[in-house]
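Structure file upload.cif with mmCIF, C-alpha atoms:
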```cif
data_final
loop_
_atom_site.label_atom_id
_atom_site.label_comp_id
_atom_site.auth_asym_id
_atom_site.auth_seq_id
_atom_site.Cartn_x
_atom_site.Cartn_y
_atom_site.Cartn_z
CA MET F 14 83.76 275.52 -90.11
CA VAL F 15 80.66 273.49 -89.28
CA PRO F 16 81.39 269.74 -89.03
CA VAL F 17 80.06 267.72 -91.96
CA ALA F 18 77.69 265.73 -89.76
CA GLU F 19 76.11 268.90 -88.37
CA SER F 20 75.78 270.46 -91.81
CA SER F 21 74.23 267.30 -93.27
CA SER F 22 71.80 267.11 -90.35
CA TYR F 23 70.65 270.69 -90.92
CA LEU F 24 70.18 270.08 -94.66
CA ASP F 25 68.25 266.86 -94.02
CA THR F 26 66.06 268.62 -91.47
CA THR F 27 65.23 271.42 -93.91
CA ALA F 28 64.54 269.07 -96.83
CA ASN F 29 62.37 266.77 -94.74
CA ALA F 30 60.42 269.69 -93.26
CA TYR F 31 59.58 271.09 -96.69
CA ASP F 32 58.80 267.65 -98.10
CA ALA F 33 56.26 267.18 -95.32
CA VAL F 34 54.37 270.41 -96.02
CA ALA F 35 55.01 270.80 -99.75
CA VAL F 36 51.42 270.33 -100.92
CA LEU F 37 49.95 272.61 -98.24
CA TYR F 38 52.73 275.19 -98.76
CA THR F 39 52.05 275.23 -102.49
CA GLU F 40 48.34 275.83 -101.92
CA LEU F 41 48.85 278.55 -99.31
CA THR F 42 51.32 280.49 -101.46
CA ARG F 43 49.25 280.38 -104.64
CA ASN F 44 49.36 283.81 -106.36
CA TYR F 45 51.46 285.14 -103.47
CA LEU F 46 53.00 287.94 -105.56
CA ASP F 47 49.66 289.45 -106.57
CA PRO F 48 49.32 291.79 -103.54
CA LEU F 49 53.05 292.66 -103.43
CA PRO F 50 53.83 295.42 -105.97
CA LEU F 51 57.17 296.36 -104.37
CA ASP F 52 58.37 292.75 -104.44
CA ARG F 53 57.31 292.45 -108.07
CA ALA F 54 59.16 295.67 -108.84
CA VAL F 55 62.41 294.31 -107.38
CA LEU F 56 62.02 291.12 -109.39
CA ALA F 57 61.32 293.18 -112.51
CA VAL F 58 64.56 295.14 -112.06
CA PHE F 59 66.49 291.90 -111.62
CA ALA F 60 64.81 290.47 -114.73
CA GLU F 61 65.75 293.53 -116.75
CA LEU F 62 69.39 293.18 -115.71
CA VAL F 63 69.70 289.46 -116.54
CA ARG F 64 67.32 289.12 -119.49
CA ASP F 65 68.98 287.90 -122.70
CA SER F 66 72.35 287.54 -120.96
CA GLY F 67 72.39 283.78 -120.29
CA PRO F 68 71.09 281.24 -117.78
CA VAL F 69 69.73 282.30 -114.40
CA ALA F 70 69.09 280.02 -111.42
CA GLU F 71 66.54 280.44 -108.68
CA LEU F 72 68.16 278.69 -105.72
CA GLY F 73 65.59 277.41 -103.26
CA CYS F 74 62.80 277.60 -105.84
CA GLY F 75 60.15 275.68 -103.89
CA PRO F 76 57.11 274.94 -106.09
CA GLY F 77 58.54 277.07 -108.89
CA ARG F 78 56.22 280.06 -108.85
CA THR F 79 58.90 282.75 -108.69
CA SER F 80 60.93 280.97 -111.37
CA ALA F 81 57.82 280.96 -113.57
CA HIS F 82 57.30 284.66 -112.84
CA LEU F 83 60.83 285.40 -114.07
CA ARG F 84 60.24 283.18 -117.11
CA ASP F 85 57.18 285.27 -117.92
CA LEU F 86 59.41 288.36 -117.72
CA GLY F 87 61.64 286.91 -120.43
CA VAL F 88 64.38 285.37 -118.27
CA ASP F 89 66.12 282.09 -119.18
CA VAL F 90 65.64 280.62 -115.70
CA PHE F 91 65.72 277.24 -114.01
CA GLY F 92 65.10 276.23 -110.39
CA VAL F 93 67.02 274.27 -107.77
CA ASP F 94 65.62 273.14 -104.43
CA LEU F 95 66.66 270.86 -101.58
CA SER F 96 63.19 269.30 -101.32
CA PRO F 97 62.47 266.50 -103.84
CA VAL F 98 58.72 266.86 -103.26
CA MET F 99 58.87 270.58 -104.05
CA ILE F 100 60.76 269.81 -107.25
CA ASP F 101 58.16 267.22 -108.25
CA ILE F 102 55.42 269.83 -107.75
CA ALA F 103 57.34 272.43 -109.76
CA ARG F 104 57.95 270.00 -112.62
CA GLU F 105 54.27 269.06 -112.74
CA ALA F 106 53.11 272.68 -112.65
CA TYR F 107 55.64 273.95 -115.20
CA PRO F 108 56.60 271.02 -117.47
CA ASP F 109 58.26 273.38 -119.95
CA MET F 110 60.83 274.50 -117.34
CA ARG F 111 63.90 272.90 -115.79
CA PHE F 112 63.90 272.06 -112.07
CA GLU F 113 66.57 270.11 -110.21
CA VAL F 114 67.10 268.76 -106.69
CA GLY F 115 70.24 270.24 -105.17
CA SER F 116 71.81 272.18 -102.33
CA MET F 117 72.65 275.86 -102.72
CA ASP F 118 76.06 275.41 -101.09
CA ALA F 119 77.21 272.65 -103.50
CA LEU F 120 75.73 273.29 -106.93
CA ALA F 121 76.27 270.92 -109.84
CA LEU F 122 77.27 273.86 -112.02
CA ALA F 123 80.53 274.95 -113.60
CA ASP F 124 82.42 278.05 -112.54
CA ASP F 125 81.03 281.22 -114.17
CA GLU F 126 78.10 279.28 -115.68
CA LEU F 127 75.29 281.66 -114.67
CA ARG F 128 74.42 285.24 -115.42
CA GLY F 129 72.06 285.57 -112.49
CA VAL F 130 71.22 284.01 -109.14
CA LEU F 131 67.94 284.58 -107.33
CA SER F 132 67.86 283.58 -103.66
CA TRP F 133 64.28 284.54 -102.76
CA TYR F 134 63.82 283.84 -99.04
CA SER F 135 65.93 280.70 -99.44
CA ILE F 136 68.92 281.48 -97.21
CA ILE F 137 66.61 282.15 -94.28
CA HIS F 138 67.04 278.61 -92.93
CA VAL F 139 70.84 278.60 -93.25
CA PRO F 140 72.64 278.73 -89.88
CA PRO F 141 74.33 282.15 -89.76
CA ARG F 142 77.91 280.87 -89.61
CA GLU F 143 77.32 278.88 -92.82
CA VAL F 144 76.00 281.81 -94.86
CA PRO F 145 79.48 282.93 -96.08
CA ALA F 146 79.97 279.52 -97.71
CA TYR F 147 76.69 279.95 -99.58
CA PHE F 148 77.73 283.38 -100.85
CA ALA F 149 81.07 281.93 -101.95
CA GLU F 150 79.19 279.28 -103.96
CA PHE F 151 76.92 281.93 -105.52
CA ARG F 152 80.05 283.87 -106.53
CA ARG F 153 81.68 280.75 -107.97
CA VAL F 154 78.82 279.95 -110.36
CA LEU F 155 78.19 283.55 -111.45
CA ALA F 156 80.08 284.85 -114.47
CA PRO F 157 81.81 288.25 -114.17
CA GLY F 158 79.15 290.93 -114.34
CA GLY F 159 76.42 288.53 -113.22
CA HIS F 160 73.75 289.61 -110.75
CA LEU F 161 72.51 288.30 -107.41
CA LEU F 162 69.16 289.17 -105.83
CA LEU F 163 68.50 288.24 -102.21
CA GLY F 164 65.13 288.31 -100.48
CA PHE F 165 65.00 287.76 -96.70
CA PHE F 166 63.38 288.71 -93.41
CA GLU F 167 65.02 291.82 -91.95
CA SER F 168 65.78 292.07 -88.22
CA GLU F 169 64.61 295.68 -87.69
CA GLY F 170 67.57 296.85 -85.62
CA ASP F 171 68.25 293.57 -83.85
CA PRO F 172 71.21 291.26 -84.51
CA VAL F 173 70.72 288.02 -86.43
CA THR F 174 67.64 286.54 -84.79
CA PRO F 175 66.15 283.03 -85.09
CA PHE F 176 62.38 282.76 -85.26
CA ASP F 177 59.70 280.11 -85.39
CA HIS F 178 59.12 279.87 -89.13
CA LYS F 179 56.09 277.67 -89.86
CA VAL F 180 58.23 275.06 -91.64
CA THR F 181 61.53 275.01 -89.75
CA THR F 182 63.77 277.42 -87.82
CA ALA F 183 64.68 280.54 -89.80
CA TYR F 184 66.73 283.69 -89.22
CA ARG F 185 66.10 287.41 -89.57
CA TRP F 186 69.14 289.42 -90.70
CA PRO F 187 70.26 293.05 -90.36
CA ILE F 188 70.43 294.21 -93.95
CA ASP F 189 73.86 295.81 -93.43
CA ASP F 190 75.31 292.57 -92.03
CA LEU F 191 74.02 290.50 -94.91
CA ALA F 192 75.31 293.05 -97.41
CA LYS F 193 78.75 292.93 -95.78
CA LEU F 194 78.90 289.13 -96.02
CA ALA F 195 78.04 289.34 -99.71
CA THR F 196 80.65 292.06 -100.20
CA ASP F 197 83.25 289.90 -98.44
CA ALA F 198 82.42 287.14 -100.94
CA GLY F 199 83.21 289.46 -103.85
CA PHE F 200 79.87 291.12 -104.62
CA LEU F 201 79.17 294.83 -105.02
CA GLU F 202 75.86 296.27 -103.92
CA ILE F 203 73.71 297.95 -106.57
CA GLY F 204 70.67 298.70 -104.46
CA ARG F 205 68.43 297.65 -101.61
CA MET F 206 64.77 297.78 -100.69
CA LEU F 207 63.15 297.45 -97.28
CA ARG F 208 59.43 296.84 -97.08
CA GLU F 209 57.38 297.11 -93.92
CA PRO F 210 55.15 294.13 -93.09
CA LEU F 211 51.68 294.12 -94.57
CA GLU F 212 48.59 292.90 -92.74
CA GLY F 213 49.12 289.25 -91.91
CA GLU F 214 52.94 289.51 -92.15
CA ARG F 215 55.12 289.47 -89.05
CA PHE F 216 58.41 290.98 -90.19
CA ARG F 217 60.02 293.61 -92.37
CA ARG F 218 61.24 292.28 -95.72
CA GLY F 219 64.73 292.98 -97.02
CA HIS F 220 66.02 292.83 -100.59
CA LEU F 221 69.60 293.24 -101.81
CA LEU F 222 70.64 293.54 -105.44
CA MET F 223 74.33 292.78 -106.07
CA HIS F 224 76.68 292.14 -108.95
#
```
What do you get writing this file as structure tokens?
Amino acid sequence: MVPVAESSSYLDTTANAYDAVAVLYTELTRNYLDPLPLDRAVLAVFAELVRDSGPVAELGCGPGRTSAHLRDLGVDVFGVDLSPVMIDIAREAYPDMRFEVGSMDALALADDELRGVLSWYSIIHVPPREVPAYFAEFRRVLAPGGHLLLGFFESEGDPVTPFDHKVTTAYRWPIDDLAKLATDAGFLEIGRMLREPLEGERFRRGHLLMH
């Protein structure tokens, strides 16, 4: 288990890094889903599975754009993010939605409270040995039959690999390894999608749908 001091330091580093670039990040990712039909398709499947079933949380919601996309698909969704500045931006952009500051590994939610969890490129900054604790927390807050959708950078045949993400250190994962960790936490895989990088993207994208 990672010592508390080390874990807190990593969380502080991530929050501070995103606070520092929040405005620029928000501008650069404006309309980011428009040229990504496969990504939108995965989100649409997730939305169909969780729509009208109860509350859904996007964990690591950033400026709230993906949460708003799910809202537009009819999902009862709210967002949680470690960065207070990101949450301020999300609240200003979408005043009709709920956004909260919080950490994905210690959510202020009751057991079985959610019907869906979206982790859309939000576990990428989590040190690999801490990822099982995050999946355990996702499992705790999801009601039986709830769904989890993960988006992440896939390692393309390599083991877990750190890389120089523009905000702070991130990790690329073998899709099978990440699926096994989720399975060990009590999830069952429904489906997966791998997408090759488009022009301007560096890495393959991985998506896992679990329940």
Proximity of region 41-118 of chain F to region 186-209 of chain F: per-residue shortest pair, 9 Å limit, all atoms listed in the file, as a tab-separated table:
```
residue	atom	partner	partner_atom	distance
F:Leu51	CA	F:Arg208	CA	7.6
F:Asp52	CA	F:Arg208	CA	8.5
F:Val55	CA	F:Met206	CA	7.9
```
Would you list the contacts of region 85-97 of chain F as a CSV table (one decimal) with C-alpha atoms, keeping the file's coordinate frame, taking every protein, DNA or RNA residue within 10 Å and counting only C-alpha atoms, but skipping same-chain residues closer than 2 positions in sequence?
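The resulting file, around.csv, is shown below:
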```
chain,number,residue,atom,x,y,z
F,24,LEU,CA,70.2,270.1,-94.7
F,25,ASP,CA,68.2,266.9,-94.0
F,27,THR,CA,65.2,271.4,-93.9
F,28,ALA,CA,64.5,269.1,-96.8
F,29,ASN,CA,62.4,266.8,-94.7
F,30,ALA,CA,60.4,269.7,-93.3
F,31,TYR,CA,59.6,271.1,-96.7
F,32,ASP,CA,58.8,267.6,-98.1
F,33,ALA,CA,56.3,267.2,-95.3
F,35,ALA,CA,55.0,270.8,-99.8
F,56,LEU,CA,62.0,291.1,-109.4
F,57,ALA,CA,61.3,293.2,-112.5
F,59,PHE,CA,66.5,291.9,-111.6
F,60,ALA,CA,64.8,290.5,-114.7
F,61,GLU,CA,65.8,293.5,-116.8
F,62,LEU,CA,69.4,293.2,-115.7
F,63,VAL,CA,69.7,289.5,-116.5
F,64,ARG,CA,67.3,289.1,-119.5
F,65,ASP,CA,69.0,287.9,-122.7
F,66,SER,CA,72.4,287.5,-121.0
F,67,GLY,CA,72.4,283.8,-120.3
F,68,PRO,CA,71.1,281.2,-117.8
F,69,VAL,CA,69.7,282.3,-114.4
F,70,ALA,CA,69.1,280.0,-111.4
F,71,GLU,CA,66.5,280.4,-108.7
F,72,LEU,CA,68.2,278.7,-105.7
F,73,GLY,CA,65.6,277.4,-103.3
F,74,CYS,CA,62.8,277.6,-105.8
F,75,GLY,CA,60.2,275.7,-103.9
F,76,PRO,CA,57.1,274.9,-106.1
F,77,GLY,CA,58.5,277.1,-108.9
F,78,ARG,CA,56.2,280.1,-108.8
F,79,THR,CA,58.9,282.8,-108.7
F,80,SER,CA,60.9,281.0,-111.4
F,81,ALA,CA,57.8,281.0,-113.6
F,82,HIS,CA,57.3,284.7,-112.8
F,83,LEU,CA,60.8,285.4,-114.1
F,99,MET,CA,58.9,270.6,-104.0
F,100,ILE,CA,60.8,269.8,-107.2
F,101,ASP,CA,58.2,267.2,-108.2
F,102,ILE,CA,55.4,269.8,-107.8
F,103,ALA,CA,57.3,272.4,-109.8
F,104,ARG,CA,58.0,270.0,-112.6
F,110,MET,CA,60.8,274.5,-117.3
F,111,ARG,CA,63.9,272.9,-115.8
F,112,PHE,CA,63.9,272.1,-112.1
F,113,GLU,CA,66.6,270.1,-110.2
F,114,VAL,CA,67.1,268.8,-106.7
F,115,GLY,CA,70.2,270.2,-105.2
F,116,SER,CA,71.8,272.2,-102.3
F,117,MET,CA,72.6,275.9,-102.7
F,120,LEU,CA,75.7,273.3,-106.9
F,127,LEU,CA,75.3,281.7,-114.7
F,128,ARG,CA,74.4,285.2,-115.4
F,129,GLY,CA,72.1,285.6,-112.5
F,130,VAL,CA,71.2,284.0,-109.1
F,131,LEU,CA,67.9,284.6,-107.3
F,135,SER,CA,65.9,280.7,-99.4
```
Requested in this report: Would you mind listing what lies within 12 Å of Pro175 (chain F) as a PyMOL selection string, with only C-alpha atoms counted and same-chain residues fewer than 6 positions away left out?
Outcome: chain F and resi 137-141+166-168+181-186
**Report entry** Distance in Å - CA of Arg153 (chain F) versus CA of Asp124 (chain F)
**Finding:**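 We find that CA of Arg153 (chain F) and CA of Asp124 (chain F) lie 5.4 Å from each other.
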Query - Of the listed residues F:Arg217, F:Lys179, F:His224, F:Arg84, that which approaches Phe151 (chain F) most closely, counting all atoms listed in the file - result: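 For Phe151 (chain F), the nearest of the given residues is F:His224.
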Query raised in the report: With all atoms listed in the file as the basis for distance, which of F:Tyr23, F:Phe216, F:Trp133, F:Tyr147 is at the shortest distance from Arg53 (chain F)?
Result: F:Trp133
Report task. For a cut-off of 8 Å around (74.4, 284.2, -101.5), file coordinates, pick out all residues using all atoms listed in the file and list them as JSON, numbers by chain. Result -> {"F": [132, 136, 144, 145, 147, 148, 149, 150, 151, 152, 161, 163, 195]}
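A straight line drawn from CA of Gly159 (chain F) to CA of Tyr45 (chain F) is 27.0 Å long.
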Query - Atomic separation - CA of Met223 (chain F) relative to CA of Ala156 (chain F), Å - result: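 That distance, rounded to one decimal, is 12.9 Å.
Distances from F:Val180, F:Ala123, F:Leu222, F:Leu211 to Phe165 (chain F) were compared using all atoms listed in the file, and the smallest one belongs to F:Leu222.
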Mind working out the centre and edge lengths of an axis-aligned box for region 216-219 of chain F, all listed atoms inside, 4 Å added to each side, rounded to one decimal in Å and written as lines of an AutoDock Vina configuration file?
```
center_x = 61.6
center_y = 292.3
center_z = -93.6
size_x = 14.3
size_y = 10.6
size_z = 14.8
```
